[in-house]
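One structure is given here, and the rest of the page talks about it.
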Amino acid sequence: MIIELGHYALVLALAAAILQSVVPIIGVRRSDEGLMAMAPVATMATLALVLFSFCVLTWSYLTSDFSVANVWENSHSLKPLIYKFSGVWGNHEGSMLLWVLILVLFSALVAGFGRNLPAELKATVLAVQAWIVTAFLLFILMTSNPFLRLAPAPAEGQDLNPILQDPGLAIHPPLLYLGYVGFSISFSFAVAALINGRIDAAWARWVRPWTLAAWTALTAGIAMGSYWAYYELGWGGWWFWDPVENASFMPWLAGTALLHSALVMEKREALKIWTILLAILTFSLSLLGTFLVRSGVLTSVHSFATDPQRGIFILCILAIFVGGALTLFALRAGTLSQGGLFAPISREGALVLNNLFLTTAAATVLTGTLYPLVLESLTGSKISVGAPFFNLTFGPLMVPLLFIVPFGPLLAWKRGDLWAVTQRLYLAAGLALVTALAVLWFTTGAPVLAAFGVALGVWLIAGSLTDLALRAGFGRAAPSVFLRRLVGLPRSAFGTALAHFGLGVTVIGVVASTVFSTELVTRMKPGDVVEAAGYELAFDGLQPAVGPNFTELQGRFTVTKDGRAIGDITSAKRLYTARRMPTTEAGIMTRGFSQLYVSLGDEGEDGTVVVRVWWKSWITFIWFGAVIMSIGGCISLLDRRLRIGAPTRSRAAKPAAYPEPAE
C-alpha cells in the first residue's frame, strides 16, 4: 500500500505544481497579494509530496521490495546497505525523481529565504520554477514511473550495475544534480525579469547567490565524477572528453561566465542583456545534458540506456523551455538599457574578456559533442570526436584566459591602470618564472610547454594571494594592522581568491600528470619485479576473495624503494554474481601528491597476468584544486552581501529608527 501512496503523492505534487504555475501569475497580472502569496504555500506542498514519494522509493530499496519493478531491476538482497541507498538514483527512474526533488527543494529555498524579494518577482520566479516542475513530473508519471508493480513479485533482484556500486556514486549524482538543477533558479529569475520588465543591479544581487551555490555543487560533482572514473574504470585517466562528461562541463563553463557577468551587472549595471542571456543558456545546457544522458543517442558508461519515447519527451521539454525563453528574450531585449559605460582597461573589461573566452570554450565543447550526432542523423556516417580535437581547440582558449585571471581583481572599476596592476604582480610573475626554470632544470627533457603550464598554475596561485595581500595593505601597514585587515576582509574576497588559487592547483595537476607520468604494460607471474618511477613492484600472486555480492581475484604487489619496503598495492578483477558482469578494481598508492596506479588485465594460459602500471605525477592536485574551488564558493556564500533575502529577526525597536540595511 505504501508504494501506491508514493505514486499518488507524485500525482498530488503535479496538481500542486500546476496550481503554483498558474495562480501566482494571475496574481501578478492583477496585483493581487493573496494570489501571489499562494506561490510559497504551493511550493512547500509540492516539496512535501515529492519528498514523501522519494522516501517511499528509498524504503522499497532498503527493504528489498522486489514487487516494485524498479527495485527488482536495480537491487539485490545481498547488496551492501550503502548501495541499496545509492541505488535509488542509480537508475533512470530514481535519478529523475531525485532530479525533481532537488528542483522543488531549490524552489522551496527561494520561497523560504526570499522574504526580501519584491512580491511580484518572487511570485513569478516560483511560477516559472513550477512550469519546469510540472514538465518533469509529467515526464516521470507518463514515461518513467518508479512505482510500477510486478505480479507475482520475484524472489530476488537483478542487482545494480556493478560500476555504480562504489561510494563515489553515492556522492557524485546528488552533487551533479544540485549543480544542474540549481541553475534553474538563475533561469527562472531571468524569465521572471523579462516577464515583469525589471532588470537592474538588485536583480543581479538576488541571482548571484543561487548561481554561486549551483556552481559550487557542480564543481564538486564534476571533480567527484572525474575521480570515480579514474579509480573505478581502470583506464588510468581522469578525463576522457566523453560526451556525457562534456554535458556537465558545458553548464559549468557557462555558469562561471554567468557568475562574473552578474558581478559586473551588480556593481555597474552593465551587461544586462548578456547576463540575462547567460542565465538562460546555462540552464539550457543543463537540460541538453539531461537529454543526452537519457535519450539513448549516446553510448557511454555514464548514460542511461532508455527508449526513444523518453528522449522525444525530454526533447520537447528542451524545445519548449529553451525556445520559449529565447523567444521572450528576443522580444524584450530591445527594451533593456545597456547600463554603465566602462573603459576596455578596467575590471569590467577584464570580466568581459573572461566571458568571451569561457563562452567560446563552451561553444567549442558543444560543437565537438554534437557534431558527430548531427552528422550521423543527416548522413548516416559515424565519426568520433575525441581528445585530439578538444585539446587543440579548448586548450588554446584556456591559456590566455588563465593568464589574465590575476589582473581582473586588481583592476579598478570603470577605468583601470594596467601598468600599475602589472607592477603589483611582479612578485607573482617572478615566482612563475623561477618555477618554469626549475622545471626545465630538474626534469631532464621536459618540454618547454610543460614548464610554461606549471608556471601558469603558480602564476594563478601567486596572483590570488597577491590580491588578498594588497587588499589588506601588505607593505603599507604594520604587520599587526595587516593581519587585522586581512581577517576583516569580506568573505567574498577570500572566496574569490580561493577559487582562483584552486584553479591554479588544478592547472599544475593537469600539466604535471599529463607530461611527467609514465606507463608500463607487461605480463607478470608470481615473483616477477618491475620498476616504475624509481619504485620496484614485486608481484606476489593472485588470491581469490568473496564479497557480499561478488567474487574476485586479488593481485597483490609489494612496493619497495631503494631496497626498503614501503607498502602493498592490491588490485582485483571482480565478478558480480547476479549480473555476471566483471569489473576492474585498480590498486592505488599515494606518495606525496603523486600516485602509483596498478590495474590487472587478462590472465594467460601460462599463468601470467597482464599488469598495467602508471606513475601519476602530481595527479592529486587536479582534485585538490577542485575541492579548494568549491570551498571558495562556500565561503563566498557566507558573505553577508550575498545572503539576499535571508530571514531576519524582527526588531523590537522602532522600525523607522533602525531600517534594514540596503543590500
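Residues are named by chain letter and number: chains run A, B, ... in the order of the C-alpha cells, numbers start at 1 in each chain, and ligands are numbered from 1 in the order shown.
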Could you list, as number ranges by chain, every residue within 12 Å of region 465-473 of chain A, counting only C-alpha atoms and ignoring same-chain residues fewer than 6 positions away?
A: 405-411, 421-429, 431, 458-459, 479-502, 504
For the contact check between region 140-259 of chain A and region 91-97 of chain A, emit one row per residue of region 140-259 of chain A within 7 Å, containing the shortest atom pair and the distance in Å rounded to one decimal, counting only C-alpha atoms, chain then rising number order, as JSON lines.
```
{"residue": "A:Ser144", "atom": "CA", "partner": "A:Glu93", "partner_atom": "CA", "distance": 5.2}
{"residue": "A:Asn145", "atom": "CA", "partner": "A:Glu93", "partner_atom": "CA", "distance": 6.4}
{"residue": "A:Pro146", "atom": "CA", "partner": "A:Glu93", "partner_atom": "CA", "distance": 5.2}
```
- [ ] Would you mind listing what lies within 7 Å of Met524 (chain A) as an MDAnalysis selection string, with only C-alpha atoms counted and same-chain residues fewer than 5 positions away left out?
- [x] chainID A and resid 608:611
Just write the chosen residues, N, CA and C atoms, as a PDB file, in the first residue's frame.
```pdb
ATOM      1  N   THR A 608      50.646 -16.171 -16.470  1.00  0.00           N
ATOM      2  CA  THR A 608      50.986 -14.751 -16.384  1.00  0.00           C
ATOM      3  C   THR A 608      49.723 -13.905 -16.414  1.00  0.00           C
ATOM      4  N   VAL A 609      49.849 -12.687 -15.931  1.00  0.00           N
ATOM      5  CA  VAL A 609      48.736 -11.740 -15.883  1.00  0.00           C
ATOM      6  C   VAL A 609      49.193 -10.431 -16.508  1.00  0.00           C
ATOM      7  N   VAL A 610      48.330  -9.850 -17.331  1.00  0.00           N
ATOM      8  CA  VAL A 610      48.630  -8.525 -17.878  1.00  0.00           C
ATOM      9  C   VAL A 610      48.517  -7.497 -16.755  1.00  0.00           C
ATOM     10  N   VAL A 611      49.572  -6.723 -16.564  1.00  0.00           N
ATOM     11  CA  VAL A 611      49.598  -5.710 -15.499  1.00  0.00           C
ATOM     12  C   VAL A 611      49.922  -4.365 -16.125  1.00  0.00           C
TER      13      VAL A 611
END
```
One decimal place gives the CA of Leu51 (chain A)-CA of Ile3 (chain A) separation as 13.6 Å
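Excluding Phe621 (chain A) itself and any same-chain residue fewer than 6 positions from it, the protein and nucleic acid residues within 8 Å of it, counting only C-alpha atoms, are Val505, Thr506, Ile508, Gly509, Val510 and Phe593 of chain A.
Among A:Arg591, A:Leu176, A:Ala13, A:Met44, the residue with the shortest atom-to-atom distance to Ala111 (chain A), counting only C-alpha atoms, is A:Met44.
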Phe139 (chain A) proximity check over A:Tyr231, A:Phe52, A:Trp89, A:Phe313, using only C-alpha atoms: winner is A:Phe313
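With only C-alpha atoms as the atoms that count, the residue of A:Val293, A:Ala69, A:Leu47, A:Val439 with the shortest distance to Arg149 (chain A) is A:Ala69.
With only C-alpha atoms as the atoms that count, the minimum distance from Thr211 (chain A) to the choices A:Ile345, A:Leu358, A:Ser381, A:Gly633 is reached by A:Gly633.
Nearest to Asn549 (chain A) of all the residues A:Arg205, A:His76, A:Arg29, A:Arg523 is A:His76, based on only C-alpha atoms.
For the set A:Gly625, A:Phe329, A:Phe516, A:Val448, the residue with the smallest atom-to-atom gap to Ile461 (chain A) is A:Gly625, counting only C-alpha atoms.
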Where in region 581-618 of chain A does DSSP assign strand (DSSP E or B), given as a tab-separated table (two decimals) with C-alpha atoms, in the first residue's frame?
```tsv
chain	number	residue	atom	x	y	z
A	581	MET	CA	29.42	-8.68	-15.05
A	582	PRO	CA	33.18	-8.22	-14.48
A	583	THR	CA	34.82	-5.03	-13.25
A	584	THR	CA	38.39	-3.91	-12.65
A	585	GLU	CA	39.34	-2.58	-9.23
A	587	GLY	CA	45.13	-0.53	-6.76
A	588	ILE	CA	46.44	2.92	-5.87
A	589	MET	CA	49.26	4.03	-3.57
A	590	THR	CA	49.62	7.75	-2.92
A	591	ARG	CA	53.14	9.08	-2.50
A	594	SER	CA	51.60	11.57	-6.88
A	595	GLN	CA	50.22	8.05	-7.19
A	596	LEU	CA	51.25	4.55	-8.23
A	597	TYR	CA	48.31	3.08	-10.11
A	598	VAL	CA	48.12	-0.66	-10.84
A	599	SER	CA	45.43	-2.36	-12.91
A	600	LEU	CA	45.05	-6.06	-13.73
A	601	GLY	CA	44.28	-7.36	-17.21
A	602	ASP	CA	43.54	-10.83	-18.51
A	603	GLU	CA	45.18	-13.97	-17.14
A	609	VAL	CA	48.74	-11.74	-15.88
A	610	VAL	CA	48.63	-8.52	-17.88
A	611	VAL	CA	49.60	-5.71	-15.50
A	612	ARG	CA	49.35	-2.02	-16.23
A	613	VAL	CA	51.41	0.27	-14.01
A	614	TRP	CA	51.16	4.05	-14.13
A	615	TRP	CA	53.11	6.64	-12.20
A	616	LYS	CA	50.74	9.61	-11.97
```
CA of Gly563 (chain A) sits from CA of Val521 (chain A) at a separation of 22.8 Å
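CA of Ile25 (chain A) sits 18.1 Å away from CA of Ile199 (chain A).
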Considering only C-alpha atoms, tabulate each residue of region 217-302 of chain A that lies at most 12 Å from region 569-575 of chain A along with its nearest interatomic pair and the corresponding distance in Å to one decimal; arrange the rows by chain and ascending residue number and present them as a tab-separated table.
```
residue	atom	partner	partner_atom	distance
A:Tyr231	CA	A:Ser571	CA	10.7
A:Glu232	CA	A:Ala572	CA	11.0
A:Leu233	CA	A:Lys573	CA	11.5
A:Gly234	CA	A:Ser571	CA	9.9
```
Note to self: What's around Val22 (chain A) at 9 Å? Count only C-alpha atoms, leave out sequence neighbours fewer than 6 positions away in its own chain, and write the answer as a PyMOL selection string.
What the structure shows: chain A and resi 127+130-131
